[in-house]
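Asker: Input: one structure, supplied below.
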Amino acid sequence: RSYTDCRLKSFRNETNIGMHRNWNRTIELNTSPYLIIFGDDNVFLPEFLSESVAALEEHPRAAFSFTFATAIDLDGVPNGSLNIENLPSEGVLDGVEFLHRIVSGENFVIRDATALMRSSALELLGPLDNPHSEHSTDLNLFYRFATEFDIAFVPKELVQIRIHPGQDSALRFRTAGGTGQLAQMAERTDAIA
């Protein structure tokens with residue numbers, strides 16, 4: 001709300017509707033040809049948007065693009081790379097190949113904060129879904145995209161993702177009793193189907 005740019009709008013729900021419903025509300029409110037769902041504790045680097053849009057323009061069959069990311073702590077201090085290895089050199093990944101890599105057990109993690117989505121692809125696939133866990137909504141969406149589209153990527157670190165012990169993904173994936181791994185396995189099973 002502090003920005004004076006008329007292209008930026010701020011919406012606040014009257015009550016907390018949860019992550020999944022909030023993400024679907026974001027999709028409903030979007031009027032742009034592109035959409036990113038970006039947590040407010042993460043940081044865009046200056047070239048993120050221009051590089052991501054250029055990747056989607058260059059690869060019209062891609063439903064979304066993603067970039068590499070750097071992990072940062074609560075104070076914004078970088079503490080490691082979150083890059084994906086073994087990507088093709090041409091900047092696009094065939095959707096079916098992506099699913100084959102996921103199903104074969106490759107830990108191919110695309111961070112939602114790095115994914116700029118094409119709104120027309122979202123319209124085709126319908127709203128976000130979370131049949132297994134509200135914490136695998138992004139996996140479910142990326143896998144559904146891959147059944148119909150390619151995936152573009154920008155091999156540059158253009159997003160900083162804040163990693164800290166109390167965040168939801170840390171609780172779901174890196175603590176005893178967390179359900180993240182089970183949800184991930186269920187999404188992979190759906191990808192096989």
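Order determines the names: the first chain of the structure tokens is A, the second B, and so forth; residues in each chain are numbered 1 upward, and ligands are numbered 1 upward as they are shown.
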Within 10 Å of range 124-126 of chain A, counting only C-alpha atoms, which residues show up once you throw out same-chain ones fewer than 5 positions away? Write them as a ChimeraX atom specification, please.
Answerer: /A:24,27,119,141,144-145,148
Asker: Those residues you just picked out, can you put them in a file as a tab-separated table (two decimals), in the first residue's frame with N, CA and C atoms?
Answerer:
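Output file out-v6.tsv follows:
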```tsv
chain	number	residue	atom	x	y	z
A	24	ASN	N	-5.77	-19.30	-4.40
A	24	ASN	CA	-6.83	-19.31	-5.41
A	24	ASN	C	-7.48	-17.93	-5.53
A	27	ILE	N	-5.37	-15.87	-7.76
A	27	ILE	CA	-5.60	-16.20	-9.18
A	27	ILE	C	-6.88	-15.53	-9.67
A	119	SER	N	-1.00	-16.81	-17.09
A	119	SER	CA	-2.40	-16.81	-16.65
A	119	SER	C	-3.29	-17.68	-17.53
A	141	LEU	N	0.27	-28.23	-8.71
A	141	LEU	CA	0.11	-27.31	-9.84
A	141	LEU	C	1.23	-27.51	-10.87
A	144	ARG	N	0.64	-30.70	-12.77
A	144	ARG	CA	-0.47	-30.57	-13.73
A	144	ARG	C	-0.06	-29.74	-14.93
A	145	PHE	N	0.69	-28.66	-14.70
A	145	PHE	CA	1.23	-27.88	-15.82
A	145	PHE	C	2.04	-28.77	-16.75
A	148	GLU	N	0.58	-30.78	-19.69
A	148	GLU	CA	0.08	-30.08	-20.87
A	148	GLU	C	1.09	-29.15	-21.53
```
Asker: Please extract the residues of range 16-171 of chain A with a backbone DSSP assignment of strand (DSSP E or B) and present them as a ChimeraX atom specification.
Answerer: /A:34-35,43-44,62-72,78-81,92-93,115-118,150-162
Asker: From the options A:Thr26, A:Thr147, A:Thr4, A:Asn16, which residue's atoms come nearest to His100 in chain A, counting only C-alpha atoms?
Answerer: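 With only C-alpha atoms as the atom set, the closest residue is A:Thr147.
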Asker: Using only C-alpha atoms for the distances, tell me which of A:Asp138, A:Glu51, A:Glu157, A:Glu57 is nearest to Ile110 in chain A.
Answerer: A:Asp138
Asker: Taking only C-alpha atoms into account, which of A:Thr114, A:Gln160, A:Asn140, A:Ser65 comes nearest Leu99 in chain A?
Answerer: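 Smallest separation from Leu99 in chain A among the options: A:Asn140.
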Asker: Write out as a ChimeraX atom specification each polymer residue whose atoms come within 10 Å of Leu87 in chain A, counting only C-alpha atoms; drop sequence neighbours fewer than 5 positions from it.
Answerer: /A:92-93,98,108,153,155
Asker: Take the residues from that selection and put them in a file with all heavy atoms, as a tab-separated table (two decimals), in the first residue's frame.
Answerer:
```tsv
chain	number	residue	atom	x	y	z
A	92	VAL	N	14.62	-24.57	-21.71
A	92	VAL	CA	13.26	-25.11	-21.64
A	92	VAL	C	13.34	-26.61	-21.33
A	92	VAL	O	14.25	-27.30	-21.77
A	92	VAL	CB	12.46	-24.83	-22.94
A	92	VAL	CG1	13.02	-25.60	-24.11
A	92	VAL	CG2	10.98	-25.11	-22.74
A	93	LEU	N	12.39	-27.05	-20.54
A	93	LEU	CA	12.31	-28.46	-20.16
A	93	LEU	C	10.97	-29.00	-20.63
A	93	LEU	O	9.93	-28.41	-20.32
A	93	LEU	CB	12.43	-28.57	-18.63
A	93	LEU	CG	12.44	-29.95	-18.00
A	93	LEU	CD1	13.66	-30.75	-18.47
A	93	LEU	CD2	12.47	-29.82	-16.48
A	98	PHE	N	10.10	-33.66	-17.48
A	98	PHE	CA	10.08	-33.21	-16.09
A	98	PHE	C	9.36	-34.23	-15.21
A	98	PHE	O	9.86	-34.62	-14.15
A	98	PHE	CB	9.40	-31.84	-16.01
A	98	PHE	CG	9.08	-31.37	-14.62
A	98	PHE	CD1	10.07	-30.92	-13.78
A	98	PHE	CD2	7.77	-31.36	-14.17
A	98	PHE	CE1	9.78	-30.47	-12.49
A	98	PHE	CE2	7.45	-30.92	-12.89
A	98	PHE	CZ	8.47	-30.47	-12.06
A	108	PHE	N	13.81	-32.69	-7.69
A	108	PHE	CA	13.76	-31.56	-8.60
A	108	PHE	C	12.81	-30.54	-8.00
A	108	PHE	O	11.62	-30.55	-8.27
A	108	PHE	CB	13.23	-32.07	-9.95
A	108	PHE	CG	13.50	-31.18	-11.11
A	108	PHE	CD1	14.41	-31.55	-12.07
A	108	PHE	CD2	12.83	-29.98	-11.27
A	108	PHE	CE1	14.66	-30.76	-13.17
A	108	PHE	CE2	13.07	-29.17	-12.35
A	108	PHE	CZ	13.99	-29.57	-13.31
A	153	PHE	N	13.13	-21.99	-18.01
A	153	PHE	CA	13.91	-21.63	-16.83
A	153	PHE	C	14.99	-20.62	-17.19
A	153	PHE	O	15.43	-20.52	-18.33
A	153	PHE	CB	14.52	-22.86	-16.15
A	153	PHE	CG	15.48	-23.63	-17.01
A	153	PHE	CD1	16.83	-23.33	-17.02
A	153	PHE	CD2	15.01	-24.66	-17.81
A	153	PHE	CE1	17.70	-24.03	-17.83
A	153	PHE	CE2	15.89	-25.38	-18.61
A	153	PHE	CZ	17.24	-25.05	-18.63
A	155	PRO	N	18.63	-19.73	-15.80
A	155	PRO	CA	19.68	-20.26	-14.90
A	155	PRO	C	20.49	-19.17	-14.20
A	155	PRO	O	21.71	-19.14	-14.26
A	155	PRO	CB	20.54	-21.10	-15.85
A	155	PRO	CG	20.40	-20.42	-17.17
A	155	PRO	CD	19.00	-19.86	-17.19
```
Asker: So which bits of range 49-100 of chain A end up alpha helix (DSSP H) when you DSSP the backbone, as a list of chain:residue names?
Answerer: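 Result set for range 49-100 of chain A (alpha helix (DSSP H)): A:Leu49, A:Ser50, A:Glu51, A:Ser52, A:Val53, A:Ala54, A:Ala55, A:Leu56, A:Glu57, A:Glu58, A:Gly95, A:Val96, A:Glu97, A:Phe98, A:Leu99, A:His100.
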Asker: In terms of the shortest atom-to-atom distance over only C-alpha atoms, which of A:Val109, A:Leu35, A:Val103, A:Val77 is closest to Ala63 in chain A?
Answerer: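 Looking only at the distances to Ala63 in chain A, the closest residue turns out to be A:Leu35.
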Asker: Please measure the separation of CA of Phe38 in chain A and CA of Ala146 in chain A, giving the value in Å to one decimal.
Answerer: 20.7 Å
Asker: Report as number ranges by chain all protein, DNA and RNA residues lying within 10 Å of Asn107 in chain A, evaluated on only C-alpha atoms, omitting residues in the same chain fewer than 6 positions from it.
Answerer: A: 84-85, 101
Asker: Those selected residues, please, written with N, CA, C and O atoms and delivered as a PDB file, in the first residue's frame.
Answerer:
```
ATOM      1  N   ILE A  84      18.992 -26.024  -9.135  1.00  0.00           N
ATOM      2  CA  ILE A  84      18.662 -27.352  -9.621  1.00  0.00           C
ATOM      3  C   ILE A  84      19.742 -27.755 -10.609  1.00  0.00           C
ATOM      4  O   ILE A  84      20.150 -26.970 -11.462  1.00  0.00           O
ATOM      5  N   GLU A  85      20.194 -28.984 -10.500  1.00  0.00           N
ATOM      6  CA  GLU A  85      21.257 -29.463 -11.387  1.00  0.00           C
ATOM      7  C   GLU A  85      20.669 -30.197 -12.585  1.00  0.00           C
ATOM      8  O   GLU A  85      19.503 -30.587 -12.590  1.00  0.00           O
ATOM      9  N   ARG A 101      11.392 -37.331 -14.626  1.00  0.00           N
ATOM     10  CA  ARG A 101      12.458 -37.095 -13.652  1.00  0.00           C
ATOM     11  C   ARG A 101      11.906 -37.100 -12.223  1.00  0.00           C
ATOM     12  O   ARG A 101      12.534 -37.621 -11.300  1.00  0.00           O
TER      13      ARG A 101
END
```
Asker: Give me, as a VMD selection string, all polymer residues having an atom no more than 6 Å from Ala62 in chain A, counting only C-alpha atoms and skipping those fewer than 4 positions away in the same chain.
Answerer: chain A and resid 149 to 152
